[in-house]
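Chemist: What follows is the file run_4.cif, containing mmCIF, C-alpha atoms:
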data_input
#
loop_
_atom_site.label_atom_id
_atom_site.label_comp_id
_atom_site.auth_asym_id
_atom_site.auth_seq_id
_atom_site.Cartn_x
_atom_site.Cartn_y
_atom_site.Cartn_z
CA MET A 1 96.46 66.46 88.23
CA GLN A 2 94.61 68.27 90.99
CA LEU A 3 93.58 71.91 90.62
CA ARG A 4 91.47 74.34 92.61
CA TYR A 5 88.58 76.28 91.12
CA SER A 6 87.44 79.19 93.24
CA PHE A 7 84.10 81.00 93.05
CA ARG A 8 82.60 83.86 95.02
CA LEU A 9 79.95 83.06 97.65
CA TYR A 10 77.16 85.37 98.81
CA PRO A 11 75.76 83.91 102.06
CA GLU A 12 72.61 85.29 103.62
CA PRO A 13 72.90 86.85 107.12
CA GLY A 14 71.92 83.62 108.87
CA GLN A 15 74.29 81.59 106.71
CA ALA A 16 77.10 84.06 107.39
CA ARG A 17 76.56 83.60 111.14
CA ALA A 18 76.64 79.81 110.70
CA LEU A 19 79.90 80.07 108.77
CA THR A 20 81.39 82.34 111.42
CA ARG A 21 80.40 79.74 114.03
CA ALA A 22 82.09 77.01 111.99
CA PHE A 23 85.25 79.11 111.59
CA GLY A 24 85.37 79.64 115.34
CA CYS A 25 84.85 75.96 116.20
CA ALA A 26 87.54 74.89 113.75
CA ARG A 27 89.93 77.42 115.28
CA VAL A 28 89.26 76.18 118.83
CA VAL A 29 89.80 72.53 117.89
CA TYR A 30 93.03 73.44 116.08
CA ASN A 31 94.29 75.36 119.13
CA ASP A 32 93.34 72.49 121.44
CA ALA A 33 95.38 70.10 119.29
CA VAL A 34 98.42 72.39 119.32
CA ARG A 35 98.08 72.84 123.09
CA ALA A 36 97.83 69.08 123.66
CA ARG A 37 101.02 68.48 121.71
CA ARG A 38 102.85 71.28 123.47
CA ASP A 39 101.87 69.88 126.87
CA ALA A 40 102.99 66.39 125.83
CA HIS A 41 106.36 67.76 124.70
CA ALA A 42 106.81 69.76 127.91
CA ASN A 43 106.06 66.72 130.09
CA GLY A 44 108.28 64.38 128.08
CA ARG A 45 105.41 62.27 126.76
CA PRO A 46 105.02 61.10 123.16
CA TYR A 47 102.82 63.17 120.93
CA PRO A 48 99.17 62.02 120.96
CA SER A 49 98.02 60.41 117.73
CA LEU A 50 95.37 61.87 115.47
CA GLY A 51 92.87 59.26 116.64
CA LEU A 52 93.39 60.11 120.31
CA LEU A 53 93.05 63.82 119.60
CA SER A 54 89.86 63.23 117.61
CA ARG A 55 88.27 61.26 120.40
CA ALA A 56 89.33 63.67 123.17
CA LEU A 57 88.91 67.04 121.43
CA VAL A 58 85.85 66.35 119.27
CA THR A 59 83.82 63.27 120.25
CA GLU A 60 84.16 63.52 124.03
CA ALA A 61 84.40 67.32 124.11
CA LYS A 62 80.87 67.68 122.67
CA HIS A 63 79.47 66.05 125.83
CA ARG A 64 81.16 68.55 128.14
CA PRO A 65 79.26 71.75 128.98
CA GLU A 66 82.18 74.04 128.11
CA ARG A 67 82.48 72.52 124.61
CA ALA A 68 78.87 71.56 123.88
CA TRP A 69 78.64 74.17 121.12
CA LEU A 70 81.00 72.06 118.98
CA GLY A 71 77.95 69.99 118.08
CA GLU A 72 76.43 72.98 116.26
CA VAL A 73 78.79 72.56 113.28
CA SER A 74 79.61 69.69 110.96
CA ALA A 75 81.94 67.11 112.54
CA VAL A 76 83.87 66.89 109.25
CA VAL A 77 84.97 70.51 109.66
CA LEU A 78 86.43 69.70 113.09
CA GLN A 79 88.14 66.54 111.85
CA GLN A 80 89.74 68.44 108.98
CA SER A 81 90.97 71.08 111.43
CA LEU A 82 92.77 68.33 113.35
CA ARG A 83 94.28 67.09 110.09
CA ASP A 84 95.54 70.60 109.39
CA ALA A 85 97.30 70.65 112.76
CA GLU A 86 98.77 67.21 112.02
CA ALA A 87 100.04 68.42 108.63
CA ALA A 88 101.54 71.55 110.23
CA TYR A 89 103.56 69.46 112.68
CA ARG A 90 104.59 67.04 109.94
CA ASN A 91 105.90 69.93 107.83
CA PHE A 92 107.68 71.37 110.87
CA PHE A 93 109.53 68.15 111.65
CA ALA A 94 110.36 67.58 107.99
CA SER A 95 111.81 71.08 107.83
CA ARG A 96 113.89 70.47 110.92
CA LYS A 97 115.28 67.25 109.43
CA GLY A 98 116.01 68.93 106.11
CA THR A 99 113.75 66.62 104.11
CA ARG A 100 111.31 69.40 103.17
CA LYS A 101 112.20 71.77 100.36
CA GLY A 102 111.76 75.50 100.66
CA PRO A 103 112.27 77.94 103.52
CA ARG A 104 112.43 76.76 107.12
CA VAL A 105 109.03 76.09 108.69
CA GLU A 106 108.42 77.13 112.29
CA ALA A 107 106.40 75.20 114.86
CA PRO A 108 102.60 75.60 114.58
CA ARG A 109 101.21 78.57 116.47
CA MET A 110 97.83 79.20 118.03
CA LYS A 111 95.20 80.78 115.79
CA SER A 112 93.72 84.05 116.99
CA ARG A 113 90.20 85.40 116.81
CA LYS A 114 91.74 88.52 115.33
CA ASP A 115 93.10 86.66 112.30
CA LYS A 116 91.57 88.28 109.23
CA ARG A 117 91.44 85.10 107.15
CA ALA A 118 89.60 81.92 108.06
CA ALA A 119 88.88 78.68 106.19
CA ILE A 120 87.02 75.41 106.74
CA ARG A 121 87.03 72.30 104.57
CA PHE A 122 84.20 69.93 103.68
CA THR A 123 85.12 66.53 102.24
CA ALA A 124 82.79 64.02 100.58
CA ASN A 125 81.91 62.58 104.01
CA ALA A 126 80.19 65.86 104.88
CA ARG A 127 77.64 65.21 102.12
CA TRP A 128 77.77 68.69 100.70
CA SER A 129 76.27 69.15 97.24
CA ILE A 130 75.46 71.59 94.47
CA THR A 131 71.73 72.05 93.99
CA ASP A 132 69.91 72.11 90.67
CA GLY A 133 69.59 75.86 91.09
CA GLY A 134 73.37 76.26 91.30
CA ARG A 135 73.66 76.83 95.05
CA LEU A 136 76.25 75.24 97.31
CA ASN A 137 74.47 73.21 99.98
CA LEU A 138 76.67 72.93 103.10
CA PRO A 139 75.74 70.88 106.20
CA LYS A 140 74.38 73.00 109.07
CA VAL A 141 74.83 76.13 106.94
CA GLY A 142 72.30 75.84 104.12
CA ALA A 143 72.21 76.48 100.39
CA VAL A 144 74.59 79.38 99.73
CA LYS A 145 74.42 81.47 96.57
CA VAL A 146 77.42 81.02 94.24
CA ALA A 147 78.60 83.39 91.51
CA TRP A 148 79.64 80.85 88.88
CA SER A 149 82.17 82.22 86.39
CA GLY A 150 82.55 78.86 84.64
CA ARG A 151 81.74 75.17 84.84
CA LEU A 152 83.60 72.66 86.93
CA PRO A 153 85.40 70.20 84.63
CA ALA A 154 84.73 67.22 86.92
CA ILE A 155 83.10 66.23 90.19
CA PRO A 156 84.96 67.91 93.08
CA SER A 157 86.45 65.80 95.85
CA SER A 158 86.24 68.55 98.48
CA VAL A 159 85.33 72.19 98.95
CA THR A 160 87.01 74.79 101.15
CA VAL A 161 85.04 77.84 102.27
CA ILE A 162 87.28 80.87 102.75
CA ASN A 163 86.60 84.22 104.37
CA ASP A 164 89.37 86.63 103.34
CA SER A 165 90.62 89.82 104.98
CA ALA A 166 88.20 91.93 102.91
CA GLY A 167 85.20 90.04 104.32
CA ARG A 168 84.52 88.16 101.06
CA TYR A 169 83.51 84.49 100.95
CA PHE A 170 84.86 82.00 98.41
CA ALA A 171 84.30 78.32 97.69
CA SER A 172 87.43 76.53 96.50
CA PHE A 173 86.78 73.16 94.82
CA VAL A 174 89.47 70.50 94.37
CA ILE A 175 89.18 68.88 90.93
CA ASP A 176 91.00 65.94 89.37
CA THR A 177 91.51 67.00 85.77
CA ASP A 178 91.15 64.67 82.80
CA PRO A 179 94.39 64.45 80.72
CA ALA A 180 92.45 63.53 77.58
CA ALA A 181 90.19 66.58 77.87
CA ASP A 182 93.21 68.80 78.56
CA ALA A 183 94.94 67.49 75.43
CA GLU A 184 91.88 68.39 73.35
CA LEU A 185 91.80 71.90 74.81
CA MET A 186 95.41 72.61 73.80
CA PRO A 187 96.77 70.48 70.94
CA ALA A 188 100.53 70.14 70.63
CA THR A 189 102.44 72.84 68.77
CA GLY A 190 106.02 73.05 67.56
CA GLN A 191 106.74 76.52 68.87
CA VAL A 192 109.55 77.40 71.30
CA ILE A 193 109.66 80.78 73.01
CA GLY A 194 112.03 82.56 75.39
CA ILE A 195 110.81 85.08 77.97
CA ASP A 196 112.82 87.85 79.59
CA LEU A 197 111.03 89.25 82.64
CA GLY A 198 111.61 92.85 83.67
CA LEU A 199 110.17 95.95 85.30
CA THR A 200 109.84 98.44 82.44
CA HIS A 201 108.22 95.70 80.38
CA PHE A 202 106.74 92.82 82.33
CA ALA A 203 107.83 90.34 79.66
CA VAL A 204 109.79 90.56 76.43
CA LEU A 205 109.35 87.59 74.11
CA SER A 206 112.05 86.18 71.87
CA GLY A 207 109.95 87.08 68.85
CA GLY A 208 110.30 90.77 69.70
CA THR A 209 106.90 91.28 71.37
CA LYS A 210 107.02 93.51 74.45
CA ILE A 211 104.31 93.24 77.09
CA ASP A 212 104.03 96.35 79.22
CA SER A 213 103.97 96.03 83.00
CA PRO A 214 100.50 97.02 84.29
CA ARG A 215 101.96 98.22 87.64
CA PHE A 216 98.73 97.58 89.51
CA LEU A 217 100.11 98.63 92.89
CA ARG A 218 101.68 101.84 91.59
CA ARG A 219 98.42 102.87 89.92
CA ALA A 220 96.44 102.25 93.10
CA GLU A 221 98.89 103.89 95.53
CA LYS A 222 96.93 107.15 95.76
CA LYS A 223 93.74 105.31 96.71
CA LEU A 224 95.63 103.06 99.13
CA LYS A 225 97.34 105.99 100.87
CA LYS A 226 94.02 107.77 101.36
CA ALA A 227 92.37 104.67 102.81
CA GLN A 228 95.36 104.02 105.08
CA ARG A 229 95.33 107.60 106.40
CA GLN A 230 91.64 107.31 107.22
CA LEU A 231 92.30 104.05 109.05
CA SER A 232 95.13 105.54 111.12
CA ARG A 233 92.81 108.30 112.41
CA LYS A 234 90.16 105.95 113.74
CA GLN A 235 90.07 104.94 117.39
CA LYS A 236 91.23 101.39 118.01
CA GLY A 237 88.40 99.02 118.78
CA SER A 238 85.71 101.28 117.28
CA LYS A 239 83.22 100.29 114.60
CA ASN A 240 84.46 103.08 112.34
CA ARG A 241 87.96 101.60 112.50
CA ALA A 242 86.58 98.21 111.48
CA LYS A 243 84.86 99.85 108.49
CA ALA A 244 88.06 101.71 107.56
CA ARG A 245 90.07 98.48 107.81
CA LEU A 246 87.69 96.81 105.37
CA LYS A 247 88.19 99.67 102.90
CA VAL A 248 91.96 99.17 103.05
CA ALA A 249 91.55 95.41 102.64
CA HIS A 250 89.20 95.89 99.66
CA ALA A 251 91.69 98.22 97.98
CA HIS A 252 94.50 95.70 98.37
CA ALA A 253 92.23 92.85 97.22
CA GLN A 254 91.40 94.73 94.02
CA VAL A 255 95.11 95.11 93.26
CA ALA A 256 95.80 91.43 93.97
CA ASP A 257 92.82 90.26 91.89
CA ALA A 258 93.78 92.42 88.91
CA ARG A 259 97.38 91.19 89.04
CA ARG A 260 96.27 87.56 89.29
CA GLU A 261 93.92 87.93 86.33
CA PHE A 262 96.71 89.47 84.24
CA HIS A 263 99.05 86.60 85.15
CA HIS A 264 96.39 84.02 84.27
CA GLN A 265 95.58 85.48 80.88
CA LEU A 266 99.21 85.92 79.85
CA SER A 267 100.39 82.52 81.12
CA THR A 268 97.48 80.72 79.46
CA ARG A 269 98.17 82.44 76.13
CA LEU A 270 101.87 81.57 76.22
CA ILE A 271 101.18 77.94 77.13
CA ARG A 272 98.51 77.61 74.42
CA GLU A 273 100.72 79.01 71.65
CA ASN A 274 104.02 77.30 72.52
CA GLN A 275 105.16 73.74 73.16
CA VAL A 276 108.32 74.80 75.03
CA VAL A 277 108.50 77.91 77.19
CA ALA A 278 111.87 79.11 78.51
CA VAL A 279 112.20 81.58 81.33
CA GLU A 280 115.11 82.81 83.41
CA ASP A 281 115.27 81.45 86.96
CA LEU A 282 115.29 84.80 88.80
CA ALA A 283 116.32 85.18 92.44
CA VAL A 284 113.11 86.96 93.41
CA ASN A 285 113.73 86.73 97.17
CA ALA A 286 117.09 88.45 96.75
CA LEU A 287 115.62 91.17 94.52
CA THR A 288 112.97 92.01 97.13
CA SER A 289 115.71 93.35 99.43
CA THR A 290 117.03 95.78 96.81
CA ARG A 291 115.98 99.33 95.97
CA PRO A 292 113.25 98.43 93.43
CA ALA A 293 111.70 95.95 95.89
CA LYS A 294 108.22 97.46 95.63
CA SER A 295 108.26 97.21 91.84
CA VAL A 296 109.47 93.59 92.07
CA HIS A 297 106.60 92.73 94.40
CA ASP A 298 104.19 94.59 92.12
CA ALA A 299 105.31 92.57 89.09
CA GLY A 300 104.78 89.21 90.81
CA TRP A 301 107.30 87.24 88.76
CA GLY A 302 107.27 84.26 91.12
CA THR A 303 103.51 83.79 90.89
CA PHE A 304 103.61 84.13 87.11
CA VAL A 305 106.34 81.50 86.70
CA ASN A 306 104.46 79.15 89.05
CA MET A 307 101.38 79.51 86.84
CA LEU A 308 103.47 78.68 83.79
CA ALA A 309 104.81 75.61 85.60
CA TYR A 310 101.52 73.99 86.56
CA LYS A 311 99.79 74.89 83.28
CA ALA A 312 102.70 73.40 81.36
CA ALA A 313 102.37 70.24 83.46
CA ARG A 314 98.63 70.12 82.86
CA TYR A 315 98.67 70.57 79.09
CA GLY A 316 101.78 68.55 78.24
CA ARG A 317 104.09 71.51 77.63
CA ALA A 318 107.72 71.83 78.74
CA LEU A 319 108.88 74.70 80.93
CA ILE A 320 112.65 75.24 80.90
CA ARG A 321 114.23 77.36 83.62
CA VAL A 322 117.50 78.91 82.45
CA ASP A 323 120.19 79.40 85.09
CA ARG A 324 120.03 82.86 86.63
CA TYR A 325 123.81 83.24 86.13
CA GLU A 326 123.51 82.80 82.38
CA PRO A 327 124.81 86.08 80.81
CA THR A 328 121.67 86.70 78.75
CA SER A 329 122.30 90.44 78.43
CA GLN A 330 125.97 90.09 77.52
CA VAL A 331 126.02 87.47 74.75
CA CYS A 332 125.12 88.32 71.16
CA SER A 333 122.20 86.15 70.06
CA THR A 334 123.42 86.30 66.45
CA CYS A 335 127.07 85.24 66.67
CA GLY A 336 127.33 84.10 70.30
CA VAL A 337 130.21 86.43 71.24
CA LYS A 338 130.17 87.70 74.81
CA GLY A 339 130.29 91.48 74.89
CA GLY A 340 130.71 91.94 78.63
CA PRO A 341 128.48 93.47 81.31
CA LYS A 342 126.49 96.60 80.56
CA PRO A 343 124.87 99.22 82.84
CA LEU A 344 121.10 99.09 83.18
CA ASP A 345 120.70 102.41 81.36
CA VAL A 346 122.09 100.84 78.19
CA ARG A 347 118.99 99.54 76.38
CA GLU A 348 120.60 99.06 72.96
CA TRP A 349 124.09 97.87 72.07
CA THR A 350 126.07 96.87 69.02
CA CYS A 351 127.98 93.60 68.86
CA ALA A 352 131.67 94.30 68.29
CA ALA A 353 132.12 91.01 66.44
CA CYS A 354 129.27 90.96 63.89
CA GLY A 355 127.97 94.53 64.10
CA THR A 356 124.38 93.54 64.92
CA VAL A 357 122.41 96.21 66.80
CA HIS A 358 120.53 94.58 69.68
CA ASP A 359 117.64 95.64 71.83
CA ARG A 360 118.87 94.60 75.27
CA ASP A 361 115.64 92.87 76.37
CA VAL A 362 114.87 91.21 73.03
CA ASN A 363 118.42 89.88 72.81
CA ALA A 364 118.12 88.50 76.36
CA ALA A 365 114.85 86.74 75.48
CA GLN A 366 116.43 85.25 72.34
CA HIS A 367 119.41 84.05 74.36
CA VAL A 368 117.03 82.47 76.91
CA LYS A 369 115.34 80.67 74.01
CA MET A 370 118.67 79.39 72.67
CA ALA A 371 119.77 78.20 76.12
CA ALA A 372 116.43 76.41 76.53
CA GLY A 373 116.84 74.79 73.10
CA LEU A 374 120.08 73.21 74.25
CA ALA A 375 118.39 71.96 77.41
CA VAL A 376 115.44 70.57 75.43
CA SER A 377 117.65 68.64 73.02
CA ALA A 378 119.70 67.28 75.90
CA CYS A 379 116.68 66.15 77.93
CA GLY A 380 114.63 64.83 75.04
CA ALA A 381 111.71 67.18 75.69
CA PRO A 382 108.86 67.76 75.24
CA VAL A 383 107.73 65.59 78.09
CA ARG A 384 104.71 65.65 80.35
CA PRO A 385 105.88 66.51 83.88
CA GLY A 386 104.50 64.70 86.89
CA VAL A 387 101.51 65.56 89.03
CA ILE A 388 101.75 68.75 91.06
CA PRO A 389 99.70 69.84 94.11
CA ALA A 390 96.38 71.61 93.74
CA GLN A 391 96.85 75.26 92.86
CA ARG A 392 94.91 77.96 94.67
CA GLU A 393 95.37 80.49 91.90
CA GLU A 394 92.96 78.82 89.46
CA THR A 395 90.29 81.37 90.42
CA GLY A 396 87.21 81.39 88.23
CA SER A 397 88.79 79.28 85.52
CA HIS A 398 86.68 77.88 82.71
CA GLY A 399 86.66 74.17 82.06
CA ILE A 400 84.86 71.51 80.05
CA PRO A 401 82.93 68.73 81.82
CA THR A 402 84.40 65.27 81.27
CA SER A 403 81.04 63.51 81.36
CA ASP A 404 77.32 64.12 81.10
CA ARG A 405 77.05 63.32 84.78
CA ALA A 406 79.37 66.18 85.71
CA ALA A 407 77.53 68.56 83.40
CA LYS A 408 74.17 67.60 84.88
CA ARG A 409 75.30 67.87 88.48
CA HIS A 410 77.09 71.16 88.05
CA SER A 411 74.67 72.88 85.71
CA HIS A 412 73.86 76.41 86.79
CA ARG A 413 71.74 79.31 85.73
#
Let me see the file written as C-alpha cells.
Modeler:
Amino acid sequence: MQLRYSFRLYPEPGQARALTRAFGCARVVYNDAVRARRDAHANGRPYPSLGLLSRALVTEAKHRPERAWLGEVSAVVLQQSLRDAEAAYRNFFASRKGTRKGPRVEAPRMKSRKDKRAAIRFTANARWSITDGGRLNLPKVGAVKVAWSGRLPAIPSSVTVINDSAGRYFASFVIDTDPAADAELMPATGQVIGIDLGLTHFAVLSGGTKIDSPRFLRRAEKKLKKAQRQLSRKQKGSKNRAKARLKVAHAHAQVADARREFHHQLSTRLIRENQVVAVEDLAVNALTSTRPAKSVHDAGWGTFVNMLAYKAARYGRALIRVDRYEPTSQVCSTCGVKGGPKPLDVREWTCAACGTVHDRDVNAAQHVKMAAGLAVSACGAPVRPGVIPAQREETGSHGIPTSDRAAKRHSHR
C-alpha cells in the first residue's frame, strides 16, 4: 500500500526564492500544455501526445529567449507538471464517459499566479536525497531544513513540495508500506465495534463510550471573525492586505490541523483496538445543505471515515459501512422490535415490547454493530482489502523502518 508522510519544511530565503521559481515554471508549463490541447481541439486536430508536448514545451522551449528561464529549475519538475495535465484530461474524459466514480470532473483550467496553493513533485530521476544531517536536498534548490516528527518506514519513491495558502512549506513523501511490519504494529484482535456519528457527540461507541465533539471551528470563530474584519478593511493590492490575508489563512490552518490530528488519533485507536469497525454510511453531501451545515463541516465525518478505511486496509482490519437507510434509531437493540421514528429532541426512549430504556445514540451504535455482524458473517470477514491510493492525510505519522538501510538513510537529529 502507498501512503504519504508529510513534514514541515523551513527553507532559507534563497531556497524559498528557488522554490517560488520552480512553482512558477511548473505552472507555466502546465498552462502551455492546456493551451496546446485547447488549440488542437478548436482546430479539429488530435490531441498532442505527452512526448510531443515534452519536446515542444520543455526541451525546445528552453532554447527560446522567451522561455530560457525554464532551464533554471529541475527538468523533472517540468515533466511532472506535464503528467499532471495529462492526468487531468484523462480524469475529465473518464468522467464524461461515466467510467470514473465520484462527482463530475470539469475540463482542466489554467492555473493562476494568484492561486494560494502550489506544488511541485520530484521523482527518483531528480536525484533528490536526505542528507546525514536530516535535510532534504533538492536539485537547484539546496538542502532544506525539515522538522521531522517521525521516521519514514521505507525509502520514498517521490517527494512533493507544497506551499499552502498560509505560506507554509511541506514535503510529502510517497512510501510503499511493508505488510509484515504493519501486522507486527497491530496484531489481530477479536473485537467488533459499532460507531454512531453525531454532532452533540462526535462518536458514540456500541460499548457506551461517548466521545465529545471538539467543535474546532466553533471555538475559533471569534478569532476568525476578527481576522476577517481586519482583512476586509485593507486596501486591495496593498502589503497590509497580504499580511492580513496570511493571518486569516493561518487561523483556518490551525483549525484544519487540529481537526485532522483529532481524526488521526481517534481513528488509529479504534483500528488498533478492534478487528471489525462498523459505521453508518452517512449522506454528508446532503447534510451540508441543511440548517446544521456548518456543524457538519466542522465535524468532518467524511474525512474521519476515509481515515478508518485506509487504516483498516493497511492493518488488515475490516470496515463495514451500514446502509444509511437502516433505522438505527428506531429498532430496539435488545429485542429487535421497531419502535418507529422519533424526534431529534428525544434522547432516551423505552421499548414498548421489552421495556428496555435506551440511550438514543448508544442504541444506534449497538444496532450498527449488529447490522455489521450480519454483513461480516455473510462476507466471511475479516479480510484484507486491496491496495488504495496514497493518502495525503498521513501528516507527521510515526513509522518503523523496514530495514537497516532505511534507518541509516533517514536517520535524523
Chemist: If you apply the PyMOL selection byres ((chain A and resi 299) around 8) to this file, what residues do you get, as a ChimeraX atom specification?
Modeler: /A:199,202,213,215,295-298,300-301
Chemist: Within 8 Å of region 306-309 of chain A, counting only C-alpha atoms, which residues qualify if same-chain residues fewer than 5 places away don't, as a VMD selection string?
Modeler: chain A and resid 263 to 264 267 to 268 271 319 393
Chemist: With C-alpha atoms kept, could you save the residues just selected as a tab-separated table (two decimals), in the coordinates of the input?
Modeler:
chain	number	residue	atom	x	y	z
A	263	HIS	CA	99.05	86.60	85.15
A	264	HIS	CA	96.39	84.02	84.27
A	267	SER	CA	100.39	82.52	81.12
A	268	THR	CA	97.48	80.72	79.46
A	271	ILE	CA	101.18	77.94	77.13
A	319	LEU	CA	108.88	74.70	80.93
A	393	GLU	CA	95.37	80.49	91.90
Chemist: Calculated over all atoms listed in the file, which of the candidates A:Cys354, A:Cys25, A:Met370, A:Ala364 has the smallest distance to Gly198 (chain A)?
Modeler: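 For Gly198 (chain A), the nearest of the candidates is A:Ala364.
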Chemist: For the structure shown, which residues end up in the PyMOL selection byres ((chain A and resi 114-123) around 9)? Put them as a PyMOL selection string, please?
Modeler: chain A and resi 19-20+22-24+26-27+74+76-78+80-81+111-113+124-128+138-139+157-167
Chemist: Mind telling me what the PyMOL selection byres ((chain A and resi 341) around 12) catches here, as a PyMOL selection string?
Modeler: chain A and resi 326-332+338-340+342-346+349+360
Chemist: With a distance cut-off of 10 Å and only C-alpha atoms, select the neighbouring residues of region 88-100 of chain A, excluding the residue or stretch itself and same-chain residues fewer than 5 positions from it, and output the selection as a VMD selection string.
Modeler: chain A and resid 34 37 82 to 83 105 to 109
Chemist: Looking at only C-alpha atoms, which of A:Gly134, A:Tyr310, A:Val305, A:Ala87 is the one that sits closest to Leu50 (chain A)?
Modeler: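 Of all the options, A:Ala87 lies closest to Leu50 (chain A).
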Chemist: Under the rule that only C-alpha atoms are counted, which of A:Glu184, A:Glu280, A:Asp257, A:Asp178 is the nearest residue to Gln366 (chain A)?
Modeler: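 Closest candidate: A:Glu280.
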Chemist: Identify which of the residues A:Lys234, A:Lys239, A:Arg219, A:Lys369 lies closest to His252 (chain A), counting only C-alpha atoms when measuring atom-to-atom distances.
Modeler: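 Going through A:Lys234, A:Lys239, A:Arg219, A:Lys369 one by one, the smallest distance to His252 (chain A) is for A:Arg219.
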Chemist: Which residue out of A:Thr356, A:Gln2, A:Tyr169, A:Val29 has the minimum interatomic distance to Lys62 (chain A) when all atoms listed in the file are used?
Modeler: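 Answer, going by the shortest atom-to-atom distance: A:Val29.
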Chemist: Which of these, A:Gly302, A:Pro11, A:Pro65, A:Pro156, has the shortest distance to Ser172 (chain A) once you count only C-alpha atoms?
Modeler: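 Smallest separation from Ser172 (chain A) among the options: A:Pro156.
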Chemist: Take the point (96.9, 103.4, 107.8) as written in the file and pick out every residue within 12 Å of it, counting all atoms listed in the file; give the list as a PyMOL selection string.
Modeler: chain A and resi 223-236+241+244-249
Chemist: Using CA of Val276 (chain A) and CA of Ala318 (chain A) as the two end points, give the distance in Å to one decimal.
Modeler: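 Result for CA of Val276 (chain A) versus CA of Ala318 (chain A): 4.8 Å, one decimal.
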Chemist: Can you measure CA of Leu282 (chain A) to CA of Asp323 (chain A) for me? One decimal in Å is fine.
Modeler: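 These atoms are spaced 8.2 Å apart.
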Chemist: CA of Ala147 (chain A) and CA of Arg8 (chain A) are how many Å apart?
Modeler: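 Separation of CA of Ala147 (chain A) and CA of Arg8 (chain A): 5.3 Å.
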